[in-house]
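Have a look at entry24.cif; it's mmCIF, C-alpha atoms and all ligand atoms:
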data_query
#
loop_
_atom_site.label_atom_id
_atom_site.label_comp_id
_atom_site.auth_asym_id
_atom_site.auth_seq_id
_atom_site.Cartn_x
_atom_site.Cartn_y
_atom_site.Cartn_z
CA MET A 785 57.19 -0.29 -4.03
CA SER A 786 57.24 1.98 -7.05
CA ASP A 787 60.20 3.64 -8.63
CA TYR A 788 60.19 7.34 -7.82
CA THR A 789 63.29 8.13 -9.85
CA PRO A 790 62.90 11.38 -11.83
CA LYS A 791 63.08 10.87 -15.59
CA PRO A 792 63.29 13.33 -18.49
CA GLU A 793 59.62 12.70 -19.40
CA HIS A 794 58.59 14.15 -16.04
CA LYS A 795 60.06 17.51 -17.10
CA PHE A 796 61.27 18.49 -13.62
CA THR A 797 63.07 21.81 -13.59
CA PHE A 798 64.62 24.14 -11.02
CA GLY A 799 65.79 27.74 -11.26
CA LEU A 800 69.44 28.64 -10.67
CA TRP A 801 68.00 30.92 -7.96
CA THR A 802 66.29 27.99 -6.18
CA VAL A 803 69.08 25.50 -5.54
CA GLY A 804 71.45 28.50 -5.62
CA ASN A 805 69.58 30.25 -2.81
CA VAL A 806 72.21 31.02 -0.15
CA GLY A 807 69.73 31.45 2.70
CA ARG A 808 69.80 35.24 3.02
CA ASP A 809 66.61 36.61 4.57
CA PRO A 810 65.52 40.04 5.88
CA PHE A 811 66.90 39.08 9.29
CA GLY A 812 70.11 37.31 8.47
CA ALA A 813 73.13 36.87 6.23
CA PRO A 814 73.77 33.96 3.83
CA VAL A 815 74.32 30.54 5.42
CA ARG A 816 75.63 28.79 2.28
CA ASP A 817 78.51 29.79 -0.03
CA ALA A 818 77.36 30.85 -3.49
CA LYS A 819 78.01 28.26 -6.22
CA SER A 820 78.70 29.16 -9.85
CA PRO A 821 75.89 28.58 -12.38
CA ALA A 822 77.89 25.71 -13.89
CA ASP A 823 78.24 24.02 -10.48
CA LEU A 824 74.51 24.43 -9.86
CA VAL A 825 73.84 22.70 -13.17
CA ARG A 826 76.07 19.83 -11.99
CA LEU A 827 74.16 19.66 -8.70
CA LEU A 828 70.87 19.48 -10.62
CA GLY A 829 72.31 16.79 -12.87
CA GLU A 830 73.29 14.79 -9.79
CA VAL A 831 69.76 14.87 -8.31
CA GLY A 832 68.15 13.95 -11.65
CA ALA A 833 66.47 17.18 -12.82
CA TRP A 834 65.60 17.56 -16.51
CA GLY A 835 66.07 21.29 -16.92
CA VAL A 836 67.42 24.49 -15.43
CA ASN A 837 65.85 27.94 -15.66
CA PHE A 838 67.35 31.30 -14.85
CA HIS A 839 66.98 35.07 -14.63
CA ASP A 840 69.44 36.91 -16.87
CA ASN A 841 71.46 38.00 -13.83
CA ASP A 842 71.50 34.57 -12.16
CA LEU A 843 73.79 33.65 -15.04
CA ILE A 844 75.43 36.91 -16.11
CA PRO A 845 75.92 39.55 -13.38
CA ILE A 846 74.32 42.87 -14.28
CA ASP A 847 77.72 44.59 -14.45
CA ALA A 848 79.67 41.81 -16.22
CA THR A 849 82.07 42.87 -18.99
CA PRO A 850 81.64 41.25 -22.44
CA SER A 851 84.62 38.97 -21.82
CA GLU A 852 83.31 37.91 -18.39
CA ARG A 853 79.96 37.18 -20.02
CA ASP A 854 81.60 34.98 -22.67
CA ALA A 855 83.59 33.03 -20.07
CA ILE A 856 80.51 32.37 -17.88
CA LEU A 857 78.42 31.34 -20.86
CA LYS A 858 81.14 28.96 -22.07
CA GLU A 859 81.35 27.29 -18.62
CA PHE A 860 77.57 27.08 -18.35
CA LYS A 861 77.15 25.52 -21.80
CA LYS A 862 79.89 23.03 -20.95
CA ALA A 863 78.00 22.00 -17.77
CA LEU A 864 74.77 21.63 -19.77
CA ALA A 865 76.51 19.38 -22.28
CA GLU A 866 78.15 17.32 -19.51
CA THR A 867 74.89 16.75 -17.62
CA GLY A 868 72.39 16.69 -20.51
CA LEU A 869 70.24 19.34 -18.81
CA CYS A 870 68.21 21.68 -21.02
CA VAL A 871 67.04 25.29 -20.51
CA PRO A 872 63.25 25.26 -21.06
CA MET A 873 62.47 28.67 -19.50
CA THR A 874 64.24 31.92 -18.80
CA THR A 875 63.19 35.26 -17.34
CA THR A 876 64.43 38.75 -16.53
CA ASN A 877 65.44 40.08 -13.16
CA LEU A 878 63.43 43.31 -13.03
CA PHE A 879 63.44 43.61 -9.25
CA SER A 880 66.91 43.34 -7.61
CA ASP A 881 68.74 46.37 -8.91
CA PRO A 882 67.91 49.68 -7.16
CA ILE A 883 66.83 51.14 -10.52
CA PHE A 884 63.69 48.97 -10.17
CA LYS A 885 62.75 50.23 -6.70
CA ASP A 886 59.46 51.59 -8.11
CA GLY A 887 58.86 48.83 -10.65
CA ALA A 888 60.06 48.25 -14.20
CA PHE A 889 57.32 48.43 -16.87
CA THR A 890 55.05 50.38 -14.47
CA SER A 891 57.67 52.75 -13.08
CA ASN A 892 56.72 56.42 -13.15
CA ASP A 893 60.13 57.18 -14.65
CA PRO A 894 60.19 56.73 -18.47
CA LYS A 895 63.96 56.04 -18.35
CA VAL A 896 63.31 53.08 -16.04
CA ARG A 897 60.52 51.79 -18.31
CA ALA A 898 62.77 52.06 -21.37
CA TYR A 899 65.69 50.38 -19.57
CA ALA A 900 63.37 47.54 -18.49
CA LEU A 901 62.37 46.93 -22.11
CA GLN A 902 66.01 47.01 -23.23
CA LYS A 903 67.06 44.61 -20.43
CA THR A 904 64.22 42.24 -21.29
CA MET A 905 65.02 42.17 -25.02
CA ASN A 906 68.64 41.30 -24.22
CA ALA A 907 67.51 38.62 -21.77
CA ILE A 908 65.11 37.16 -24.34
CA ASP A 909 68.04 36.91 -26.82
CA LEU A 910 70.07 35.07 -24.18
CA GLY A 911 67.22 32.68 -23.35
CA VAL A 912 66.57 31.86 -26.99
CA GLU A 913 70.30 31.29 -27.56
CA LEU A 914 70.16 28.61 -24.84
CA GLY A 915 67.02 26.96 -26.23
CA ALA A 916 64.25 28.40 -24.00
CA LYS A 917 60.73 28.09 -25.41
CA VAL A 918 58.94 29.80 -22.51
CA TYR A 919 59.68 33.26 -21.14
CA VAL A 920 58.32 34.14 -17.70
CA PHE A 921 57.32 37.60 -16.53
CA TRP A 922 57.06 38.04 -12.79
CA GLY A 923 56.40 41.66 -11.91
CA GLY A 924 57.85 41.55 -8.43
CA ARG A 925 58.22 45.31 -8.08
CA GLU A 926 55.27 46.26 -10.29
CA GLY A 927 53.16 47.65 -7.49
CA THR A 928 52.90 50.22 -4.75
CA GLU A 929 53.03 50.84 -1.03
CA THR A 930 50.69 53.80 -1.47
CA ASP A 931 48.19 54.39 -4.25
CA ALA A 932 49.04 58.09 -4.02
CA ALA A 933 52.19 57.16 -5.94
CA LYS A 934 50.73 55.68 -9.10
CA ASP A 935 47.46 55.70 -10.99
CA PRO A 936 46.39 52.03 -11.18
CA LEU A 937 44.79 52.53 -14.62
CA THR A 938 48.04 53.97 -15.92
CA ALA A 939 49.91 50.99 -14.46
CA ILE A 940 47.67 48.57 -16.37
CA LYS A 941 48.13 50.53 -19.61
CA ARG A 942 51.93 50.64 -19.17
CA THR A 943 52.05 46.90 -18.56
CA ARG A 944 49.96 46.27 -21.67
CA GLU A 945 52.15 48.52 -23.80
CA ALA A 946 55.29 46.71 -22.61
CA MET A 947 53.84 43.25 -23.26
CA ASN A 948 52.65 44.28 -26.74
CA PHE A 949 56.08 45.73 -27.57
CA LEU A 950 57.86 42.55 -26.42
CA CYS A 951 55.47 40.24 -28.30
CA GLU A 952 56.24 42.23 -31.46
CA TYR A 953 59.96 41.91 -30.71
CA VAL A 954 59.66 38.11 -30.55
CA LEU A 955 57.65 38.04 -33.79
CA ASP A 956 60.10 40.39 -35.50
CA LYS A 957 63.03 38.16 -34.50
CA LYS A 958 61.08 35.04 -35.50
CA TYR A 959 61.74 33.44 -32.14
CA ASP A 960 59.79 30.32 -31.15
CA LEU A 961 58.90 31.69 -27.72
CA LYS A 962 55.76 32.02 -25.60
CA PHE A 963 55.27 34.32 -22.63
CA ALA A 964 53.97 33.11 -19.24
CA LEU A 965 52.80 35.78 -16.79
CA GLU A 966 53.21 35.05 -13.09
CA ALA A 967 50.94 36.73 -10.56
CA LYS A 968 51.72 37.42 -6.90
CA PRO A 969 49.59 39.51 -4.55
CA ASN A 970 52.38 41.16 -2.51
CA GLU A 971 56.05 40.84 -1.50
CA PRO A 972 58.31 42.56 -2.20
CA ARG A 973 55.82 45.42 -2.87
CA GLY A 974 53.01 46.19 -0.47
CA ASP A 975 50.60 45.33 -3.31
CA ILE A 976 51.45 44.01 -6.77
CA TYR A 977 49.28 44.68 -9.84
CA ASN A 978 47.50 41.77 -11.58
CA SER A 979 47.66 40.03 -8.23
CA THR A 980 46.24 36.59 -9.04
CA THR A 981 46.21 34.13 -11.94
CA GLY A 982 42.60 35.14 -12.59
CA HIS A 983 43.62 38.80 -12.98
CA MET A 984 46.37 37.73 -15.39
CA LEU A 985 44.01 35.64 -17.51
CA ALA A 986 41.67 38.59 -17.91
CA PHE A 987 44.57 40.96 -18.69
CA ILE A 988 45.99 38.63 -21.37
CA GLU A 989 42.79 38.87 -23.40
CA THR A 990 43.36 42.63 -23.75
CA LEU A 991 46.77 42.19 -25.47
CA ASP A 992 47.46 42.50 -29.21
CA HIS A 993 48.74 38.89 -29.37
CA PRO A 994 46.87 36.96 -26.65
CA GLU A 995 47.74 33.69 -28.39
CA MET A 996 51.42 34.17 -27.48
CA VAL A 997 50.75 34.77 -23.81
CA GLY A 998 49.69 32.41 -21.01
CA VAL A 999 50.24 32.12 -17.28
CA ASN A 1000 52.76 30.72 -14.82
CA PRO A 1001 50.75 30.18 -11.62
CA GLU A 1002 52.64 29.54 -8.37
CA VAL A 1003 51.24 27.57 -5.41
CA ALA A 1004 52.57 29.98 -2.76
CA HIS A 1005 51.29 33.08 -4.52
CA GLU A 1006 47.66 31.96 -4.68
CA HIS A 1007 47.86 30.62 -1.12
CA MET A 1008 49.21 33.98 0.08
CA ALA A 1009 45.99 35.45 -1.34
CA GLY A 1010 43.93 32.80 0.48
CA LEU A 1011 42.82 31.19 -2.78
CA ASN A 1012 42.35 27.61 -3.95
CA PHE A 1013 45.36 27.01 -6.22
CA VAL A 1014 43.84 23.96 -7.92
CA HIS A 1015 40.88 26.05 -9.09
CA GLY A 1016 43.13 28.77 -10.49
CA VAL A 1017 45.25 26.24 -12.38
CA ALA A 1018 42.11 24.52 -13.68
CA GLN A 1019 40.87 27.82 -15.08
CA ALA A 1020 44.19 28.36 -16.86
CA LEU A 1021 44.25 24.78 -18.19
CA GLU A 1022 40.69 24.99 -19.45
CA ALA A 1023 41.51 28.22 -21.27
CA GLY A 1024 44.59 26.63 -22.90
CA LYS A 1025 46.76 29.11 -21.00
CA LEU A 1026 48.83 26.96 -18.65
CA PHE A 1027 52.22 27.56 -20.28
CA HIS A 1028 54.31 26.91 -17.14
CA ILE A 1029 53.83 26.22 -13.42
CA ASP A 1030 55.78 27.11 -10.26
CA LEU A 1031 55.48 24.36 -7.67
CA ASN A 1032 56.32 24.92 -4.03
CA ASP A 1033 54.37 25.12 -0.78
CA GLN A 1034 53.17 27.77 1.62
CA ALA A 1035 51.19 27.92 4.84
CA PHE A 1036 48.18 30.23 4.51
CA GLY A 1037 48.58 33.61 6.16
CA ARG A 1038 52.38 33.49 6.44
CA TYR A 1039 55.28 35.29 4.77
CA ASP A 1040 56.45 34.12 1.33
CA GLN A 1041 57.86 30.74 2.38
CA ASP A 1042 58.88 28.91 -0.84
CA PHE A 1043 58.87 25.52 0.89
CA ARG A 1044 59.59 22.17 -0.76
CA PHE A 1045 56.65 20.98 -2.91
CA GLY A 1046 54.05 19.21 -0.74
CA ALA A 1047 55.72 20.23 2.54
CA VAL A 1048 52.60 21.92 3.98
CA ASN A 1049 49.31 21.24 2.16
CA LEU A 1050 49.54 17.62 1.03
CA LYS A 1051 45.90 17.23 0.08
CA SER A 1052 45.91 20.29 -2.12
CA ALA A 1053 49.23 19.15 -3.67
CA PHE A 1054 47.57 15.81 -4.41
CA PHE A 1055 44.62 17.40 -6.23
CA LEU A 1056 47.03 19.63 -8.13
CA VAL A 1057 49.15 16.72 -9.36
CA LYS A 1058 45.95 14.82 -10.21
CA LEU A 1059 44.67 17.80 -12.20
CA LEU A 1060 47.93 18.16 -14.15
CA GLU A 1061 48.32 14.44 -14.83
CA ASP A 1062 44.63 13.69 -15.61
CA ASN A 1063 44.63 16.54 -18.11
CA LYS A 1064 48.01 15.60 -19.62
CA TYR A 1065 49.69 18.92 -18.92
CA ASP A 1066 52.88 18.67 -20.96
CA GLY A 1067 54.90 21.67 -19.79
CA SER A 1068 57.70 21.87 -17.26
CA ARG A 1069 57.06 20.97 -13.63
CA HIS A 1070 59.19 23.78 -12.25
CA PHE A 1071 60.04 23.90 -8.57
CA ASP A 1072 60.28 27.53 -7.50
CA ALA A 1073 61.29 26.91 -3.91
CA HIS A 1074 64.40 26.64 -1.80
CA ALA A 1075 65.89 24.63 1.03
CA TYR A 1076 65.41 25.66 4.64
CA ARG A 1077 68.01 28.12 5.92
CA THR A 1078 69.21 25.37 8.27
CA GLU A 1079 70.68 23.35 5.39
CA ASP A 1080 74.08 22.89 3.78
CA TYR A 1081 74.36 21.72 0.15
CA GLU A 1082 73.55 18.12 1.14
CA GLY A 1083 70.30 19.56 2.50
CA VAL A 1084 69.77 21.45 -0.76
CA LYS A 1085 69.97 18.12 -2.59
CA ASP A 1086 67.56 16.59 -0.06
CA PHE A 1087 65.22 19.50 -0.78
CA ALA A 1088 65.43 19.11 -4.58
CA ARG A 1089 65.07 15.33 -4.47
CA GLY A 1090 62.14 15.73 -2.07
CA CYS A 1091 60.23 18.04 -4.46
CA MET A 1092 60.47 15.54 -7.32
CA ARG A 1093 59.88 12.46 -5.18
CA THR A 1094 56.74 13.93 -3.59
CA TYR A 1095 55.41 14.85 -7.04
CA LEU A 1096 55.96 11.28 -8.28
CA ILE A 1097 54.40 9.74 -5.16
CA LEU A 1098 51.34 11.95 -5.59
CA LYS A 1099 51.18 11.03 -9.28
CA GLU A 1100 51.04 7.39 -8.24
CA LYS A 1101 48.37 8.20 -5.63
CA ALA A 1102 46.31 9.93 -8.33
CA GLU A 1103 46.50 6.79 -10.49
CA GLN A 1104 45.47 4.74 -7.46
CA TRP A 1105 42.51 7.07 -6.79
CA ASN A 1106 41.40 6.79 -10.42
CA ALA A 1107 41.59 2.97 -10.29
CA ASP A 1108 40.00 2.49 -6.84
CA LYS A 1109 36.68 0.68 -7.36
CA GLU A 1110 35.03 2.00 -4.19
CA ILE A 1111 36.05 5.59 -4.96
CA GLN A 1112 34.94 5.31 -8.56
CA ALA A 1113 31.58 3.84 -7.51
CA VAL A 1114 30.93 6.94 -5.37
CA VAL A 1115 32.12 9.20 -8.19
CA ALA A 1116 29.74 7.46 -10.62
CA GLU A 1117 26.88 7.71 -8.16
CA ILE A 1118 27.30 11.40 -7.43
CA ASN A 1119 27.50 12.16 -11.15
CA ALA A 1120 24.55 9.93 -12.11
CA ASP A 1121 22.42 11.36 -14.91
CA ASP A 1122 19.36 9.55 -16.31
CA GLY A 1123 19.17 12.00 -19.21
CA SER A 1124 15.73 13.26 -18.20
CA MET A 1125 16.90 16.89 -18.14
CA ASN A 1126 18.92 16.78 -21.37
CA GLN A 1127 16.16 18.56 -23.27
CA TYR A 1128 16.80 21.71 -21.18
CA PHE A 1129 20.57 22.00 -21.55
CA GLY A 1130 22.80 23.24 -24.33
CA LYS A 1131 22.06 26.06 -26.71
CA TYR A 1132 19.23 28.40 -25.83
CA SER A 1133 15.94 28.42 -27.75
CA ALA A 1134 12.65 30.14 -26.91
CA GLU A 1135 10.89 26.74 -26.98
CA LYS A 1136 13.41 25.23 -24.59
CA ALA A 1137 13.00 28.16 -22.21
CA ALA A 1138 9.20 27.87 -22.32
CA ALA A 1139 9.31 24.09 -21.69
CA LEU A 1140 11.75 24.53 -18.79
CA LYS A 1141 9.53 27.19 -17.20
CA ALA A 1142 6.65 24.68 -17.32
CA GLN A 1143 8.62 21.82 -15.71
CA SER A 1144 7.83 21.11 -12.07
CA PHE A 1145 10.57 20.14 -9.56
CA ASP A 1146 10.15 18.31 -6.24
CA ARG A 1147 12.58 20.52 -4.37
CA THR A 1148 12.31 18.72 -1.06
CA LYS A 1149 12.92 15.32 -2.58
CA ILE A 1150 15.90 16.52 -4.62
CA ALA A 1151 17.40 18.27 -1.61
CA SER A 1152 16.95 15.28 0.71
CA ARG A 1153 19.56 13.18 -1.07
CA GLY A 1154 22.87 12.73 0.81
CA LEU A 1155 25.83 13.28 -1.47
CA LYS A 1156 28.42 10.98 0.15
CA TYR A 1157 31.16 13.58 -0.05
CA GLU A 1158 32.24 12.77 3.52
CA ARG A 1159 32.88 9.18 2.50
CA LEU A 1160 34.62 10.20 -0.71
CA ASP A 1161 36.92 12.61 1.11
CA GLN A 1162 37.77 10.05 3.79
CA LEU A 1163 38.61 7.51 1.08
CA THR A 1164 40.86 10.14 -0.49
CA ILE A 1165 42.58 10.75 2.85
CA GLU A 1166 43.11 6.99 3.27
CA VAL A 1167 44.71 6.78 -0.18
CA LEU A 1168 47.01 9.62 0.86
CA LEU A 1169 47.81 8.04 4.21
CA GLY A 1170 48.75 4.81 2.48
CA VAL A 1171 46.22 2.51 4.14
CA ARG A 1172 44.29 1.56 1.00
C1 LIG A 1201 59.01 35.07 -6.14
C2 LIG A 1201 58.73 34.59 -7.54
C3 LIG A 1201 59.96 34.43 -8.38
C4 LIG A 1201 59.66 34.23 -9.85
C5 LIG A 1201 60.90 34.29 -10.65
C6 LIG A 1201 60.71 33.87 -12.07
O1 LIG A 1201 58.12 34.94 -5.30
O2 LIG A 1201 60.10 35.58 -5.89
O3 LIG A 1201 58.03 33.38 -7.45
O4 LIG A 1201 60.73 33.37 -7.88
O5 LIG A 1201 59.02 33.00 -10.06
O6 LIG A 1201 61.36 35.60 -10.59
O7 LIG A 1201 60.08 34.83 -12.77
MN MN A 1202 57.26 33.04 -5.41
MN MN A 1203 57.66 31.92 -8.95
#
With the file now loaded, output its structure as structure tokens.
Ligand code: GCO
Ligand code: MN
Ligand code: MN
Amino acid sequence: MSDYTPKPEHKFTFGLWTVGNVGRDPFGAPVRDAKSPADLVRLLGEVGAWGVNFHDNDLIPIDATPSERDAILKEFKKALAETGLCVPMTTTNLFSDPIFKDGAFTSNDPKVRAYALQKTMNAIDLGVELGAKVYVFWGGREGTETDAAKDPLTAIKRTREAMNFLCEYVLDKKYDLKFALEAKPNEPRGDIYNSTTGHMLAFIETLDHPEMVGVNPEVAHEHMAGLNFVHGVAQALEAGKLFHIDLNDQAFGRYDQDFRFGAVNLKSAFFLVKLLEDNKYDGSRHFDAHAYRTEDYEGVKDFARGCMRTYLILKEKAEQWNADKEIQAVVAEINADDGSMNQYFGKYSAEKAAALKAQSFDRTKIASRGLKYERLDQLTIEVLLGVR
């Protein structure tokens, strides 16, 4: 039996808003008493997390006085020192306050857009003060219920202008900080701009400082859009743009569930962990999820421990899959290459093209080969079910 104890090298993090979620939903009031940020840090220390992330207003209420702010910050820093937790990522709440009812950077009201920039600069200062190296942007209200309300081209341009301004701010202040953009297709808006990780990756390339900006894909968000999360993350990884990741789980076609990592789609969670570990992803493994509304704080700890434990079990399963002789024999067979086509691949030349056009292929013979994917998938399932 392996040791599934979380360790600092696993870089497991939670947001204050995740373990601090009090169970309010559109149909019901909170079921858990709110805990202070410092107490949430202690709870995370108890379950073995490495880091804690927060929105500006998870830590400092939007209407706090300067002396209240100082007192909260002092308490919070004390809890960090006591527990050894770090703050690897922070972000701005640009969605809760009524001023953001029509978005922040994409609002039609210039006063709202200016306030959103001001709020974000202050929140960046706070994050950097606490040691954050990654800054997440989740445009929860950057969208519409009706496209009569906003020109979508204007919305893209406003988002670009805001990101360019904030990149310059970070450079001007000489902060060691990267941005990670988080896509979501809907909720709380009817539709949110830059709705998937793929949209975000394309948008980033249009910025003045694309090298400072990557993505923060979230399992639930891509599943809400009916997409394969592993493929989206692979695209980000391959582009060198996976700066952060939000792990949770979500049944396809449902409301935004934020379930414990691996609680619904185990096989896809397995291939995700395998992708991250095989490719030596070295950022935070951030759990952006919360406990069921049925739980008290013991249940919140069960939830947090469960996220990390499932990740570590799947990591072990990925190692087992990579070392399994029968699985690897099938993998080798399906990727067999006798080199006879090498002359046609790689950089284009007119000669290569002419030679390839002259090559004959026995289509029927090539197509008649069985690919053994059924066997490979069943072997994978048996690894996951613990019978191999
Ligand atoms: C959501 C989002 C948020 C963001 C968070 C950090 O669906 O509500 O996932 O939890 O991740 O605001 O930017
Ligand atoms: Mn989410
Ligand atoms: Mn998220």
For Ala907 in chain A: contacts at 10 Å, all atoms listed in the file, fewer than 5 positions along chain excluded, given as a list in words: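 Listing them by chain and then by number gives His839, Asp840, Asn841, Ile844, Thr874, Thr875, Thr876, Asn877, Leu901, Gln902, Val912, Glu913 and Tyr919 of chain A.
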List the neighbours of Asn1063 in chain A out to 12 Å using only C-alpha atoms; skip same-chain residues closer than 2 positions along the sequence, and give me the result as a PDB file with C-alpha atoms, keeping the file's coordinate frame.
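Okay, this is what ended up in out37.pdb:
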ATOM      1  CA  VAL A1017      45.250  26.240 -12.380  1.00  0.00           C
ATOM      2  CA  ALA A1018      42.110  24.520 -13.680  1.00  0.00           C
ATOM      3  CA  ALA A1020      44.190  28.360 -16.860  1.00  0.00           C
ATOM      4  CA  LEU A1021      44.250  24.780 -18.190  1.00  0.00           C
ATOM      5  CA  GLU A1022      40.690  24.990 -19.450  1.00  0.00           C
ATOM      6  CA  GLY A1024      44.590  26.630 -22.900  1.00  0.00           C
ATOM      7  CA  LEU A1026      48.830  26.960 -18.650  1.00  0.00           C
ATOM      8  CA  PHE A1055      44.620  17.400  -6.230  1.00  0.00           C
ATOM      9  CA  LEU A1056      47.030  19.630  -8.130  1.00  0.00           C
ATOM     10  CA  VAL A1057      49.150  16.720  -9.360  1.00  0.00           C
ATOM     11  CA  LYS A1058      45.950  14.820 -10.210  1.00  0.00           C
ATOM     12  CA  LEU A1059      44.670  17.800 -12.200  1.00  0.00           C
ATOM     13  CA  LEU A1060      47.930  18.160 -14.150  1.00  0.00           C
ATOM     14  CA  GLU A1061      48.320  14.440 -14.830  1.00  0.00           C
ATOM     15  CA  TYR A1065      49.690  18.920 -18.920  1.00  0.00           C
ATOM     16  CA  ASP A1066      52.880  18.670 -20.960  1.00  0.00           C
ATOM     17  CA  GLY A1067      54.900  21.670 -19.790  1.00  0.00           C
ATOM     18  CA  ALA A1102      46.310   9.930  -8.330  1.00  0.00           C
TER      19      ALA A1102
END
Distance filter 6 Å around ligand MN 1203 (chain A), atoms: all atoms listed in the file, out as a tab-separated table (two decimals) with C-alpha atoms, keeping the file's coordinate frame:
chain	number	residue	atom	x	y	z
A	1002	GLU	CA	52.64	29.54	-8.37
A	1030	ASP	CA	55.78	27.11	-10.26
A	1072	ASP	CA	60.28	27.53	-7.50
Residue with smallest distance to ligand MN 1202 (chain A) - pool A:Arg1153, A:Arg944, A:His1015, A:His1007, counting all atoms listed in the file: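 Closest candidate: A:His1007.
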Selection: 7 Å around Ala863 in chain A, all atoms listed in the file, excl. self and same-chain fewer than 4 positions, as number ranges by chain: A: 822, 825-826, 859, 867
Check every protein, DNA and RNA residue against ligand MN 1202 (chain A), keep those with an atom at most 9 Å away (counting all atoms listed in the file), and present them as a compact mmCIF listing (two decimals) with C-alpha atoms, keeping the file's coordinate frame.
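Once written, out13.txt looks like this:
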# COMPACT_ATOMS: atom_id res chain seq x y z
CA TRP A 922 57.06 38.04 -12.79
CA GLU A 966 53.21 35.05 -13.09
CA ALA A 967 50.94 36.73 -10.56
CA LYS A 968 51.72 37.42 -6.90
CA GLU A 971 56.05 40.84 -1.50
CA GLU A 1002 52.64 29.54 -8.37
CA VAL A 1003 51.24 27.57 -5.41
CA ALA A 1004 52.57 29.98 -2.76
CA HIS A 1005 51.29 33.08 -4.52
CA ASP A 1030 55.78 27.11 -10.26
CA ASN A 1032 56.32 24.92 -4.03
CA ASP A 1040 56.45 34.12 1.33
CA GLN A 1041 57.86 30.74 2.38
CA ASP A 1042 58.88 28.91 -0.84
CA ASP A 1072 60.28 27.53 -7.50
CA ALA A 1073 61.29 26.91 -3.91
Distance of CA of Lys1109 in chain A from CA of Leu1160 in chain A, expressed in Å to one decimal place: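 The value is 11.8 Å.
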Which residues are near Cys951 in chain A? Cut-off 9 Å, all atoms listed in the file, ignore same chain within fewer than 5 positions. Put them as an mmCIF file with C-alpha atoms, in the coordinates of the input.
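This went into selection24.cif:
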data_model
loop_
_atom_site.group_PDB
_atom_site.id
_atom_site.type_symbol
_atom_site.label_atom_id
_atom_site.label_comp_id
_atom_site.auth_asym_id
_atom_site.auth_seq_id
_atom_site.Cartn_x
_atom_site.Cartn_y
_atom_site.Cartn_z
ATOM 1 C CA ALA A 946 55.290 46.710 -22.610
ATOM 2 C CA ASP A 956 60.100 40.390 -35.500
ATOM 3 C CA LYS A 962 55.760 32.020 -25.600
ATOM 4 C CA PHE A 963 55.270 34.320 -22.630
ATOM 5 C CA ASP A 992 47.460 42.500 -29.210
ATOM 6 C CA HIS A 993 48.740 38.890 -29.370
ATOM 7 C CA MET A 996 51.420 34.170 -27.480
ATOM 8 C CA VAL A 997 50.750 34.770 -23.810
#
Nearest candidate to ligand LIG 1201 (chain A) (options A:Asn1049, A:Thr938, A:Asn837, A:Thr1094; using all atoms listed in the file):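 Of the candidates, the smallest distance to ligand LIG 1201 (chain A) is held by A:Asn837.
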Non-local contacts of Phe798 in chain A (6 Å; all atoms listed in the file; under 4 positions in same chain excluded) as a list in words: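 The residues that qualify are Val836, His1070 and Phe1071 of chain A.
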Among the residues A:Leu937, A:Cys1091, A:Val806, A:Leu869, the one that comes closest to Arg1069 in chain A [using only C-alpha atoms]: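 Answer, going by the shortest atom-to-atom distance: A:Cys1091.
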Gap from CA of Phe884 in chain A to CA of Val896 in chain A - Å, one decimal: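 Spanning CA of Phe884 in chain A to CA of Val896 in chain A is a straight-line distance of 7.2 Å.
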Which of A:Gln1019, A:Ile988, A:Leu1011, A:Asn1126 sits closest to Ala1035 in chain A [using only C-alpha atoms]: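 Selected residue with least distance to Ala1035 in chain A: A:Leu1011.
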Pairwise distance for CA of Phe1043 in chain A and CA of Ala1075 in chain A, rounded to one decimal in Å: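 The value is 7.1 Å.
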Selected residue of minimal separation from Trp801 in chain A among A:His1074, A:Gln1034, A:Arg897, A:Asp931, counting all atoms listed in the file: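 With all atoms listed in the file as the atom set, the closest residue is A:His1074.
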Among the residues A:Gly807, A:Pro845, A:Gly927, A:Pro972, the one that comes closest to ligand LIG 1201 (chain A) [using only C-alpha atoms and all ligand atoms]: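 Smallest distance to ligand LIG 1201 (chain A) is found for A:Pro972.
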If I wrap all listed atoms of ligand LIG 1201 (chain A) in a box with edges along x, y and z and add 3 Å on each side, what are its centre and edge lengths in Å to one decimal, as AutoDock Vina command-line options?
--center_x 59.7 --center_y 34.3 --center_z -9.0 --size_x 9.3 --size_y 8.6 --size_z 13.5
